[in-house]
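**Student:** Attaching a single structure in structure tokens format; questions to follow.
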Amino acid sequence: MNFYILIKITDWLIMAKITLKDLSHSYLLKQNSDVDWALRNINIDWKDGGAYALLGPSGCGKTTLLNIISGLLKPTKGEVLFDDKDMTTLNPVERDIAQIFQFPVIYDTMTVYDNLAFPLKNRGLSQTEIDTKVKEIGEMLELTSTLNNKAAGLTADGKQKISLGRGLVRSDVNVIMFDEPLTVIDPHLKWILRSKLKELHQKINRTMIYVTHDQIEALTFADQVVVMHEGQIVQTGTPVELFEKPKHTFVGHFIGSPGMNILPCDIENGQINLGGIKLPNKINTKNNNFKKTQVGIRPEFINFSNDGIQVKINRVSDTGRHKVIDAECSSGNIKILANSSTQIPSGSAHITFDQKYTYAYGDNWIIE
Amino acid sequence: MNKTLNQKAWLFVIPVFVLVAFNAAIPLMTVVNYSFQETFGSNVFAWEGTRWFKEILHSERFHASLGRQVIFTFIILLIQLPLGIGIALTMPKKGWGVPVCLILMSMPLLIPWNVVGAMWNIFALPEIGFLGNSLNSLGFDYNFTQQSGDAWFTTILMDVWHWTSLVVLLSYAGLNSIQPAYYQAAEIDGASRWDIFRYIELPKMKKVLTLAILLRFMDSFMIYTEPFVLTGGGPGNATNFLSLDLVKMALGQFDLGPAAAMSLIYFLIVLLICWIFYTIMMKDEGRS
């Protein structure tokens, strides 16, 4: 049966590449400064069939960006292209997109079946076509047994499956967008639904964009994660890239638990000077006129050693899998992550940074 | 586990008991008393059993005023609900129009009922009232004090003017509580304007509309002050609604027994219809 569904689905695959060109958006009529813009200079190139995540804290502009891609909002500046075709002024129906919202949006008075059939009916499909597709999607989402129930009577995750299903039944969908779709779902069901989404993506191979403020959701769902901060894209990359080489202090901070240690430092003659200690990294100092320079190192890449930076150990918390050590050096607080089996020296100790994962940041942006 | 016995808490409930006793229980019991007895003034009572109830239930006068009342309420609901929802749908959702509309809409609700009656009485007078005069100069033979059709027309128009706002405000509140995502999802699903109304707005307004229908039913079914001032129940008995008739019986003819029985029947009708209606409307709520 699954194999049959797979063939049926590849049948109606229409994919689209998504390009955003110099996109900016403001909810105000007049913009005086940077803070008046909800989105600033967004440039994105997304291949068809990819799984992408927009990650950022509340208010960073990710929902605005999503609504611009879906056509619910018209951008103040810039263009939205699907397969190099300008879509900027088209509405959601003309763009052929599907969007799943933060909380389940269902038509209360309809049955599950009618909910799933609704977008198809509106597009004038025949009764038999509708029936085949609704049953297919019902099967895929494991809703078959509830198809004839009132949609309002389902649990939150069942309802969210319906909203998802209303996007999936349509064969003409260019892209499926998720706006924090698991917010109202119980934790134990989140895992199930999330793996379901991942599985669906592999099955139907359609472009999916997933908006979230939860790094785990983003990192497990997407091949490419776009990290947003104050209306700007600060970094685009695979989960590994974001973890190993954050291009902006915000990414270092936001991704990882605990986040990256960011300490004030000086950059002298191409070297990082952290409170008197020179780190071995070579820094390109050509444009060295930053207001603020910092060094970033993830807690995972700090080791205890016999010499190096002197720290005072304040607190050790054992999470079971590893230990989180709160330490203090002359430049500020440092978090260190160590194996549970590691013997933690008490009082004062010396640490070294793994050179490969130590980065210098000028005005919050990485100095290559 | 031993609970400490503390009867002092009752002290705090006493004011409520007193209040309820004086504004509901005692007056109602007085009516119940009267409905089973014949009074001859100076506190002389004679037991009559269910005689007054039987009399009222079989009286043509009661049937007539009940009929008028039902027709009136039915027309009122039929006009005010769609009109109220319609106005609420066209009201602006943001900007300076919102407070302007809300204030305009609340105005009629803030005017005392007898003032509404007096206003419309003057407004509709055939010779000098703006409405009456205009209608007559347009060639209509309009006189609400003489012709029953005109009296009904004026009473209904007055009630629509006075109370449609309530439906508007309730519907507007209901509409505003709908999350934008519902409209966005409908837009993506390709729903028409009618679909949006039928499948999103109307179901989401169900609770406020239930409230609106209940309030409008009760208020229009018990309408007294405005027709009392406007038509006084006339011409003849044309607009003699239940409450007007009740007051005439109780205070005009001083038939306290039958009037008390009629009050109780009246009260039970309102209670019964509200209960049936509410039960039907809320039937699905428990399940979801």
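Chain lettering (A, B, ...) mirrors the order of the structure tokens, residue numbering begins at 1 for each chain separately, and ligand numbering begins at 1 in order of display.
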Up to 12 Å from chain A, what residues of chain B turn up? Count only C-alpha atoms and give them as a ChimeraX atom specification.

**Tutor:** /B:178-206,284-288

**Student:** Within 10 Å of Thr144 of chain A, counting only C-alpha atoms, which residues qualify if same-chain residues fewer than 6 places away don't, as a PyMOL selection string?

**Tutor:** chain A and resi 112-113+134-138

**Student:** Using atom CA of Lys77 of chain A and atom CA of Tyr210 of chain A as the two end points, give the distance in Å to one decimal.

**Tutor:**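 Atom CA of Lys77 of chain A sits 23.2 Å away from atom CA of Tyr210 of chain A.
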
**Student:** For Ala259 of chain B, which residue out of B:Asn2, B:Gln7, B:Thr39, B:Thr231 is the nearest one, using only C-alpha atoms?

**Tutor:**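 Closest residue, counting only C-alpha atoms: B:Thr39.
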
**Student:** Please identify which residues in segment 80-216 of chain A DSSP calls strand (DSSP E) from the backbone, and express them as a PDB file with C-alpha atoms, in the first residue's frame.

**Tutor:**
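Full text of states29.pdb as output:
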```
ATOM      1  CA  VAL A  80       9.594  36.582  -4.437  1.00  0.00           C
ATOM      2  CA  LEU A  81      10.343  34.155  -7.260  1.00  0.00           C
ATOM      3  CA  PHE A  82       9.128  30.587  -7.716  1.00  0.00           C
ATOM      4  CA  LYS A  85       8.774  33.462 -12.036  1.00  0.00           C
ATOM      5  CA  ASP A  86       7.849  36.633 -10.199  1.00  0.00           C
ATOM      6  CA  ILE A  97       1.215  26.954  -1.566  1.00  0.00           C
ATOM      7  CA  ALA A  98       0.066  25.242   1.583  1.00  0.00           C
ATOM      8  CA  GLN A  99       0.566  26.610   5.052  1.00  0.00           C
ATOM      9  CA  ILE A 100       0.127  24.997   8.436  1.00  0.00           C
ATOM     10  CA  VAL A 175       5.770  24.512  -1.175  1.00  0.00           C
ATOM     11  CA  ILE A 176       4.392  23.482   2.199  1.00  0.00           C
ATOM     12  CA  MET A 177       5.045  25.910   5.000  1.00  0.00           C
ATOM     13  CA  PHE A 178       4.860  25.243   8.706  1.00  0.00           C
ATOM     14  CA  ASP A 179       4.534  28.081  11.177  1.00  0.00           C
ATOM     15  CA  THR A 207       9.800  21.776  -0.661  1.00  0.00           C
ATOM     16  CA  MET A 208       8.996  22.324   2.967  1.00  0.00           C
ATOM     17  CA  ILE A 209       9.726  25.373   5.052  1.00  0.00           C
ATOM     18  CA  TYR A 210       9.486  25.038   8.783  1.00  0.00           C
ATOM     19  CA  VAL A 211       9.402  28.044  11.073  1.00  0.00           C
ATOM     20  CA  THR A 212      10.306  27.544  14.704  1.00  0.00           C
TER      21      THR A 212
END
```

**Student:** Kindly give the distance, in Å, that separates atom CA of Gln343 of chain A and atom CA of Gly259 of chain A, rounded to a single decimal.

**Tutor:** 22.5 Å

**Student:** Nearest to His248 of chain A among A:Glu142, A:Glu368, A:Glu129, A:Asp354, with distances taken over only C-alpha atoms: which residue is it?

**Tutor:**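 Answer, going by the shortest atom-to-atom distance: A:Glu368.
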